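As structure tokens, the structure follows; a few thoughts come after it.
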Amino acid sequence: MADLSINLAGIKSPNPFWLASAPPTNSGYQVQRAFEAGWGGAVWKTLGDPILNVSSRFAAISFNGQRVAGFNNIELITDRPLDVNLKEIYETKKRFPNHAIIASLMMEPKQEKWHELVKRVEDVGVDGLELNFGCPHGMAERGMGSASGQVPALVERQTHWVKEVAKTPVIVKLTPNITDITATAEAACNGGADAISMINTINSLMGVDLDTWNTIPHVAGKGAHGGYCGPAVKPIALNMVAECARHANINIPISGIGGISNWQDAVEFMLMGATGVQICTAAMHHGFRIVEDMIEGLSHYLDGKGIKSVSEIIGKSVQKYSDWGNLDLNYNIVAKINTDVCINCNKCHIACEDTSHQCIDRLTDKNGKPYLKVREEDCVGCNLCSIVCPVDGAIDMVEVPYELPPMTWNERQSALSLAAECKIDSHK
Amino acid sequence: MSDYQQYLNERDKLDFFIQKGFRIHAVHEHLDGASVEFYHPASKERETLIIGTANARKYFSSLLIKQNLGIK
């Protein structure tokens, strides 16, 4: 069986599955239940000056029968006194010495306040710290969370303050509510962070009730934006992890967060550069025992590929992720409809005819039986037909042999600029 | 005419000049596509083609790269 243990910037855990800082890690009771179920680590719900919460905190979007495709919360950081949390962290660490406990911290941007919090938290034996520069709701209105995390200078300065006194590894958790997450990731590096984690939740309003016209959720008839997470945000998170992983100036480990719901998602994040993953919504939806499937699935996957340690897959797909200008313009794929599998629902034809390149013909064979056929010369390989097709295996996207040598946009522009500058010796 | 047919027409015109010994001298890109200027080293003739289809614009770009690399 493959070794699932990871070491993220010196924080060791028996597997890469950590609970993210959130309601599931609110108390010692919960975290100990999670460790009993098999979770490798837990990032404790954010500690700081204890807050006051509202009632009616969560909302979710169900889409086409899938419950909790996206999840939203307006809950703030811990509302329990620091000493209560620290006592439970101490007890939990004592009971589970080989599991990772990371304390998530949030504080107003004052050096002495950060120092005090870090010292008190590290005294109880946490394995690391995660600075919450990401929560977008509530705390941000008070200058903390994403309000700090959207300003690279503040990220760098506060990380530096924490590193002045921290004895354990410091992870900086980044907000996705920013144009370019690599800017704040780089700031965290400059501040001395040992690792970064991403993404925190995305600003969101889940909906408006059509009868009452109240927001969803609402608190006595009023709403405020929340933080969006769950499966719907996974592609956004995966891109941000990958962008940081391939950035030349970001060379610290990444803890991947955002819509990870199963072992396959975890593998994708690790291939794109994450050393481990943090999970919240899936645990809130299905309970702590989902980690059993994750561990089993990951083990089988690695064994099937003959990989001895999960650490071997970290970052293996990063080099395959690049800028659009480095993609090959002369690479072509076309759709092929397998008529023996196709049910002639015509969804591909309608999608192509109405919204793509009008290259799927509805034909009738000599026996009067209708069938669909792609005019390959007009197909641009957009994938839309295979995306909307309801039958697995009915449409394959197949590679077309190269007619022209590979050529990227950047290579093309270089060649054209040579021509424009009359550097081409066309007189020979 | 389908995009593909238009591409074939434009590709044929590009090939015609290349086969006649012309070389791509300059390319000007604009809202209607690209103007490809050809120059014949022996006869000193100049010709210009307006190329509109995306595939033909890829095609002359590949020809230009080959030309820059000295590939016939």
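Letters A, B, ... go to the chains of the structure tokens in the order shown; residues in each chain start at 1; ligands are counted from 1 in the same order.
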Rows by chain and residue number, chain B within 12 Å of chain A, shortest pair, only C-alpha atoms, as JSON lines:
{"residue": "B:Met1", "atom": "CA", "partner": "A:Asp378", "partner_atom": "CA", "distance": 11.6}
{"residue": "B:Ser2", "atom": "CA", "partner": "A:Asp378", "partner_atom": "CA", "distance": 7.8}
{"residue": "B:Asp3", "atom": "CA", "partner": "A:Asp378", "partner_atom": "CA", "distance": 7.1}
{"residue": "B:Tyr4", "atom": "CA", "partner": "A:Asp378", "partner_atom": "CA", "distance": 5.9}
{"residue": "B:Gln5", "atom": "CA", "partner": "A:Glu377", "partner_atom": "CA", "distance": 9.2}
{"residue": "B:Gln6", "atom": "CA", "partner": "A:Asp378", "partner_atom": "CA", "distance": 11.0}
{"residue": "B:Tyr7", "atom": "CA", "partner": "A:Glu377", "partner_atom": "CA", "distance": 10.4}
{"residue": "B:Leu8", "atom": "CA", "partner": "A:Glu377", "partner_atom": "CA", "distance": 10.5}
{"residue": "B:Ile18", "atom": "CA", "partner": "A:Ser426", "partner_atom": "CA", "distance": 11.7}
{"residue": "B:Gly21", "atom": "CA", "partner": "A:Lys428", "partner_atom": "CA", "distance": 10.5}
{"residue": "B:Phe22", "atom": "CA", "partner": "A:Ser426", "partner_atom": "CA", "distance": 8.4}
{"residue": "B:Arg23", "atom": "CA", "partner": "A:Ser426", "partner_atom": "CA", "distance": 5.6}
{"residue": "B:Ile24", "atom": "CA", "partner": "A:Ser426", "partner_atom": "CA", "distance": 6.6}
{"residue": "B:His25", "atom": "CA", "partner": "A:Ser426", "partner_atom": "CA", "distance": 5.5}
{"residue": "B:Ala26", "atom": "CA", "partner": "A:Ala419", "partner_atom": "CA", "distance": 4.8}
{"residue": "B:Val27", "atom": "CA", "partner": "A:Ala419", "partner_atom": "CA", "distance": 6.3}
{"residue": "B:His28", "atom": "CA", "partner": "A:Ala420", "partner_atom": "CA", "distance": 7.4}
{"residue": "B:Glu29", "atom": "CA", "partner": "A:Leu416", "partner_atom": "CA", "distance": 9.3}
{"residue": "B:Ala34", "atom": "CA", "partner": "A:Leu416", "partner_atom": "CA", "distance": 10.9}
{"residue": "B:Ser35", "atom": "CA", "partner": "A:Ala420", "partner_atom": "CA", "distance": 11.5}
{"residue": "B:Val36", "atom": "CA", "partner": "A:Ala419", "partner_atom": "CA", "distance": 10.0}
{"residue": "B:Glu37", "atom": "CA", "partner": "A:Ala419", "partner_atom": "CA", "distance": 9.8}
{"residue": "B:Phe38", "atom": "CA", "partner": "A:Ser426", "partner_atom": "CA", "distance": 8.5}
{"residue": "B:Tyr39", "atom": "CA", "partner": "A:Ser426", "partner_atom": "CA", "distance": 6.7}
{"residue": "B:His40", "atom": "CA", "partner": "A:His427", "partner_atom": "CA", "distance": 7.1}
{"residue": "B:Pro41", "atom": "CA", "partner": "A:His427", "partner_atom": "CA", "distance": 4.5}
{"residue": "B:Ala42", "atom": "CA", "partner": "A:His427", "partner_atom": "CA", "distance": 8.0}
{"residue": "B:Ser43", "atom": "CA", "partner": "A:His427", "partner_atom": "CA", "distance": 10.2}
{"residue": "B:Lys44", "atom": "CA", "partner": "A:His427", "partner_atom": "CA", "distance": 8.3}
{"residue": "B:Glu45", "atom": "CA", "partner": "A:His427", "partner_atom": "CA", "distance": 10.7}
{"residue": "B:Arg46", "atom": "CA", "partner": "A:Ser426", "partner_atom": "CA", "distance": 11.1}
{"residue": "B:Ala54", "atom": "CA", "partner": "A:Leu329", "partner_atom": "CA", "distance": 10.4}
{"residue": "B:Asn55", "atom": "CA", "partner": "A:Asn330", "partner_atom": "CA", "distance": 9.0}
{"residue": "B:Ala56", "atom": "CA", "partner": "A:Asn330", "partner_atom": "CA", "distance": 11.3}
{"residue": "B:Arg57", "atom": "CA", "partner": "A:Arg412", "partner_atom": "CA", "distance": 10.1}
{"residue": "B:Lys58", "atom": "CA", "partner": "A:Leu329", "partner_atom": "CA", "distance": 7.4}
{"residue": "B:Tyr59", "atom": "CA", "partner": "A:Leu404", "partner_atom": "CA", "distance": 7.7}
{"residue": "B:Phe60", "atom": "CA", "partner": "A:Arg412", "partner_atom": "CA", "distance": 9.8}
{"residue": "B:Ser61", "atom": "CA", "partner": "A:Arg412", "partner_atom": "CA", "distance": 6.0}
{"residue": "B:Ser62", "atom": "CA", "partner": "A:Leu404", "partner_atom": "CA", "distance": 7.0}
{"residue": "B:Leu63", "atom": "CA", "partner": "A:Leu404", "partner_atom": "CA", "distance": 9.0}
{"residue": "B:Leu64", "atom": "CA", "partner": "A:Ala415", "partner_atom": "CA", "distance": 6.7}
{"residue": "B:Ile65", "atom": "CA", "partner": "A:Ala415", "partner_atom": "CA", "distance": 5.9}
{"residue": "B:Lys66", "atom": "CA", "partner": "A:Pro405", "partner_atom": "CA", "distance": 9.2}
{"residue": "B:Gln67", "atom": "CA", "partner": "A:Ile424", "partner_atom": "CA", "distance": 8.7}
{"residue": "B:Asn68", "atom": "CA", "partner": "A:Ile424", "partner_atom": "CA", "distance": 6.9}
{"residue": "B:Leu69", "atom": "CA", "partner": "A:Ala415", "partner_atom": "CA", "distance": 10.0}
{"residue": "B:Gly70", "atom": "CA", "partner": "A:Asp425", "partner_atom": "CA", "distance": 10.4}
{"residue": "B:Ile71", "atom": "CA", "partner": "A:Pro405", "partner_atom": "CA", "distance": 11.8}
Go ahead and write the selection's residues with N, CA and C atoms as a CSV table (one decimal), in the first residue's frame.
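Resulting contents of part.csv:
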chain,number,residue,atom,x,y,z
B,1,MET,N,-20.7,30.0,-49.3
B,1,MET,CA,-19.5,29.2,-49.2
B,1,MET,C,-19.2,28.9,-47.8
B,2,SER,N,-18.9,27.6,-47.5
B,2,SER,CA,-18.5,27.3,-46.1
B,2,SER,C,-17.2,27.9,-45.7
B,3,ASP,N,-17.0,28.0,-44.5
B,3,ASP,CA,-15.6,28.5,-44.0
B,3,ASP,C,-14.5,27.6,-44.6
B,4,TYR,N,-14.8,26.3,-44.6
B,4,TYR,CA,-13.8,25.4,-45.1
B,4,TYR,C,-13.5,25.7,-46.5
B,5,GLN,N,-14.5,25.8,-47.4
B,5,GLN,CA,-14.3,26.1,-48.8
B,5,GLN,C,-13.5,27.4,-48.9
B,6,GLN,N,-13.9,28.4,-48.2
B,6,GLN,CA,-13.2,29.7,-48.2
B,6,GLN,C,-11.7,29.5,-47.9
B,7,TYR,N,-11.5,28.7,-46.8
B,7,TYR,CA,-10.1,28.4,-46.4
B,7,TYR,C,-9.3,27.8,-47.5
B,8,LEU,N,-9.9,26.8,-48.2
B,8,LEU,CA,-9.2,26.1,-49.3
B,8,LEU,C,-8.9,27.0,-50.4
B,18,ILE,N,3.7,30.9,-53.5
B,18,ILE,CA,4.9,30.2,-53.0
B,18,ILE,C,5.5,29.3,-54.0
B,21,GLY,N,7.6,30.9,-56.5
B,21,GLY,CA,8.9,31.4,-56.1
B,21,GLY,C,8.8,32.7,-55.3
B,22,PHE,N,7.6,33.1,-55.0
B,22,PHE,CA,7.4,34.3,-54.2
B,22,PHE,C,7.8,33.9,-52.7
B,23,ARG,N,8.1,35.0,-52.0
B,23,ARG,CA,8.4,34.8,-50.6
B,23,ARG,C,7.5,35.8,-49.8
B,24,ILE,N,7.1,35.5,-48.6
B,24,ILE,CA,6.3,36.4,-47.8
B,24,ILE,C,7.2,37.5,-47.4
B,25,HIS,N,6.9,38.7,-47.7
B,25,HIS,CA,7.7,39.9,-47.4
B,25,HIS,C,7.2,40.6,-46.2
B,26,ALA,N,5.9,40.7,-46.1
B,26,ALA,CA,5.4,41.4,-44.9
B,26,ALA,C,3.9,41.0,-44.7
B,27,VAL,N,3.5,41.1,-43.5
B,27,VAL,CA,2.1,40.8,-43.1
B,27,VAL,C,1.6,42.0,-42.3
B,28,HIS,N,0.4,42.4,-42.8
B,28,HIS,CA,-0.3,43.5,-42.0
B,28,HIS,C,-1.6,43.0,-41.5
B,29,GLU,N,-1.8,42.9,-40.2
B,29,GLU,CA,-3.1,42.4,-39.7
B,29,GLU,C,-4.0,43.6,-39.5
B,34,ALA,N,-5.9,39.7,-42.7
B,34,ALA,CA,-4.5,40.1,-42.9
B,34,ALA,C,-4.1,40.3,-44.3
B,35,SER,N,-3.3,41.2,-44.6
B,35,SER,CA,-2.8,41.5,-46.0
B,35,SER,C,-1.4,40.8,-46.0
B,36,VAL,N,-1.2,39.9,-46.9
B,36,VAL,CA,0.1,39.2,-47.0
B,36,VAL,C,0.8,39.7,-48.2
B,37,GLU,N,1.9,40.3,-48.0
B,37,GLU,CA,2.7,40.9,-49.2
B,37,GLU,C,3.7,39.9,-49.6
B,38,PHE,N,3.7,39.6,-50.9
B,38,PHE,CA,4.7,38.6,-51.5
B,38,PHE,C,5.7,39.4,-52.3
B,39,TYR,N,6.9,38.9,-52.4
B,39,TYR,CA,8.0,39.5,-53.2
B,39,TYR,C,8.7,38.4,-53.9
B,40,HIS,N,8.9,38.6,-55.2
B,40,HIS,CA,9.7,37.6,-56.0
B,40,HIS,C,11.1,38.1,-56.1
B,41,PRO,N,12.1,37.3,-55.5
B,41,PRO,CA,13.4,37.8,-55.5
B,41,PRO,C,14.0,38.0,-56.9
B,42,ALA,N,13.6,37.1,-57.9
B,42,ALA,CA,14.2,37.2,-59.2
B,42,ALA,C,13.5,38.3,-60.1
B,43,SER,N,12.2,38.3,-60.1
B,43,SER,CA,11.5,39.2,-61.0
B,43,SER,C,11.2,40.5,-60.3
B,44,LYS,N,11.4,40.6,-59.0
B,44,LYS,CA,11.2,41.8,-58.2
B,44,LYS,C,9.7,42.1,-58.2
B,45,GLU,N,8.8,41.2,-58.6
B,45,GLU,CA,7.4,41.4,-58.6
B,45,GLU,C,6.9,41.5,-57.2
B,46,ARG,N,5.8,42.2,-56.9
B,46,ARG,CA,5.1,42.2,-55.6
B,46,ARG,C,3.7,41.9,-55.8
B,54,ALA,N,-9.7,32.1,-40.5
B,54,ALA,CA,-8.7,31.9,-39.4
B,54,ALA,C,-7.8,30.8,-39.8
B,55,ASN,N,-8.3,29.7,-40.5
B,55,ASN,CA,-7.3,28.6,-40.8
B,55,ASN,C,-6.3,29.1,-41.8
B,56,ALA,N,-6.7,29.9,-42.8
B,56,ALA,CA,-5.7,30.4,-43.7
B,56,ALA,C,-4.7,31.4,-43.1
B,57,ARG,N,-5.1,32.1,-42.1
B,57,ARG,CA,-4.2,32.9,-41.3
B,57,ARG,C,-3.2,32.1,-40.5
B,58,LYS,N,-3.7,31.0,-40.0
B,58,LYS,CA,-2.7,30.0,-39.4
B,58,LYS,C,-1.8,29.5,-40.5
B,59,TYR,N,-2.4,29.2,-41.6
B,59,TYR,CA,-1.6,28.6,-42.7
B,59,TYR,C,-0.4,29.4,-43.2
B,60,PHE,N,-0.7,30.7,-43.5
B,60,PHE,CA,0.4,31.6,-43.9
B,60,PHE,C,1.4,31.8,-42.8
B,61,SER,N,0.9,31.8,-41.5
B,61,SER,CA,1.9,31.9,-40.4
B,61,SER,C,2.8,30.8,-40.4
B,62,SER,N,2.3,29.6,-40.7
B,62,SER,CA,3.2,28.4,-40.7
B,62,SER,C,4.2,28.5,-41.9
B,63,LEU,N,3.7,29.0,-43.0
B,63,LEU,CA,4.5,29.2,-44.2
B,63,LEU,C,5.7,30.2,-43.8
B,64,LEU,N,5.3,31.2,-43.1
B,64,LEU,CA,6.2,32.3,-42.7
B,64,LEU,C,7.3,31.7,-41.8
B,65,ILE,N,6.9,30.9,-40.9
B,65,ILE,CA,7.9,30.3,-39.9
B,65,ILE,C,8.8,29.4,-40.7
B,66,LYS,N,8.2,28.6,-41.6
B,66,LYS,CA,9.1,27.7,-42.4
B,66,LYS,C,10.1,28.5,-43.2
B,67,GLN,N,9.6,29.6,-43.8
B,67,GLN,CA,10.4,30.5,-44.6
B,67,GLN,C,11.6,31.1,-43.7
B,68,ASN,N,11.2,31.5,-42.5
B,68,ASN,CA,12.2,32.0,-41.6
B,68,ASN,C,13.3,31.0,-41.3
B,69,LEU,N,12.8,29.8,-41.1
B,69,LEU,CA,13.8,28.7,-40.8
B,69,LEU,C,14.6,28.2,-42.0
B,70,GLY,N,14.2,28.7,-43.2
B,70,GLY,CA,14.9,28.2,-44.4
B,70,GLY,C,14.4,26.9,-44.9
B,71,ILE,N,13.2,26.5,-44.5
B,71,ILE,CA,12.7,25.2,-44.9
B,71,ILE,C,11.9,25.4,-46.2
Might you pull out every residue within 9 Å of Glu10 in chain B, with only C-alpha atoms counted and same-chain residues fewer than 4 positions away left off, and present them as a PDB file with C-alpha atoms, in the first residue's frame?
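After the write, out.pdb holds the following:
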ATOM      1  CA  GLN B   5     -14.262  26.119 -48.773  1.00  0.00           C
ATOM      2  CA  GLN B   6     -13.166  29.697 -48.248  1.00  0.00           C
ATOM      3  CA  LEU B  14      -1.107  31.304 -50.886  1.00  0.00           C
ATOM      4  CA  ASP B  15       0.343  28.078 -52.295  1.00  0.00           C
ATOM      5  CA  LEU B  49      -3.347  38.753 -50.798  1.00  0.00           C
ATOM      6  CA  ILE B  50      -6.126  39.582 -48.344  1.00  0.00           C
ATOM      7  CA  ILE B  51      -6.583  36.552 -46.121  1.00  0.00           C
ATOM      8  CA  GLY B  52      -9.731  36.375 -44.022  1.00  0.00           C
ATOM      9  CA  THR B  53     -10.300  32.873 -42.687  1.00  0.00           C
ATOM     10  CA  ALA B  56      -5.690  30.418 -43.729  1.00  0.00           C
TER      11      ALA B  56
END
* Please provide as a PyMOL selection string all residues within 10 Å of Pro390 in chain A, with the sequence filter that same-chain residues fewer than 2 positions apart are discarded (counting only C-alpha atoms). => chain A and resi 342-343+345+347-348+385-388+392-395
* Asked: Quick one: DSSP strand (DSSP E) residues in chain B, as a list of chain:residue names?
  -> B:Arg23, B:Ile24, B:His25, B:Ala26, B:Val27, B:His28, B:Glu29, B:His30, B:Gly33, B:Ala34, B:Ser35, B:Val36, B:Glu37, B:Phe38, B:Tyr39, B:Arg46, B:Glu47, B:Thr48, B:Leu49, B:Ile50, B:Ile51
* Can you list, as a PyMOL selection string, every protein, DNA or RNA residue that comes within 9 Å of range 176-182 of chain A when you count only C-alpha atoms, leaving out same-chain residues fewer than 5 positions away? -> chain A and resi 134+136+146+149-150+187+198-203+236-237+240+243-244+247+250
* Between CA of Ala37 in chain A and CA of Gln278 in chain A, what is the spacing in Å? ->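 One can read the CA of Gln278 in chain A to CA of Ala37 in chain A distance as 15.3 Å.
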* Polymer residues at most 8 Å from range 160-165 of chain A, only C-alpha atoms, same-chain spacing of 5 or more positions, as a list in words ->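 Returned residues: Gln111, Trp114, His115, Val118, Lys119, Val170, Gly191, Gly192 and Ala193 of chain A.
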Selection file, C-alpha atoms, as a CSV table (one decimal), in the first residue's frame:
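Resulting contents of result.csv:
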chain,number,residue,atom,x,y,z
A,111,GLN,CA,1.9,43.8,15.5
A,114,TRP,CA,-0.6,39.2,16.5
A,115,HIS,CA,2.4,38.5,18.7
A,118,VAL,CA,0.7,33.5,18.2
A,119,LYS,CA,2.5,33.0,21.5
A,170,VAL,CA,3.2,29.6,9.1
A,191,GLY,CA,6.7,38.1,4.4
A,192,GLY,CA,8.4,34.8,5.2
A,193,ALA,CA,5.4,32.4,4.9
Neighbouring residues of Ala232 in chain A were defined as those with any atom within 7 Å, considering only C-alpha atoms; residues of the same chain fewer than 4 positions away were excluded. Please report them as a tab-separated table (two decimals) with C-alpha atoms, in the first residue's frame.
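around37.tsv, written as the output of this step:
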chain	number	residue	atom	x	y	z
A	69	ALA	CA	-23.56	22.00	-5.62
A	70	GLY	CA	-22.56	25.27	-4.02
A	259	GLY	CA	-14.73	22.25	-3.58
* From A:Leu238, A:Ala282, A:Met294, A:Met397, residue lying nearest Tyr321 in chain A [only C-alpha atoms] ->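 Among the listed residues, the smallest separation from Tyr321 in chain A belongs to A:Leu238.
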* To do: Quick one: pick out all alpha helix (DSSP H) residues within range 1-70 of chain B from a backbone DSSP run and write them as a ChimeraX atom specification.
  => /B:3-19,54-69
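Closest approach to Trp18 in chain A among A:Gly256, A:Pro50, A:Gly125, A:Pro97 is made by A:Gly256 (distances from only C-alpha atoms).
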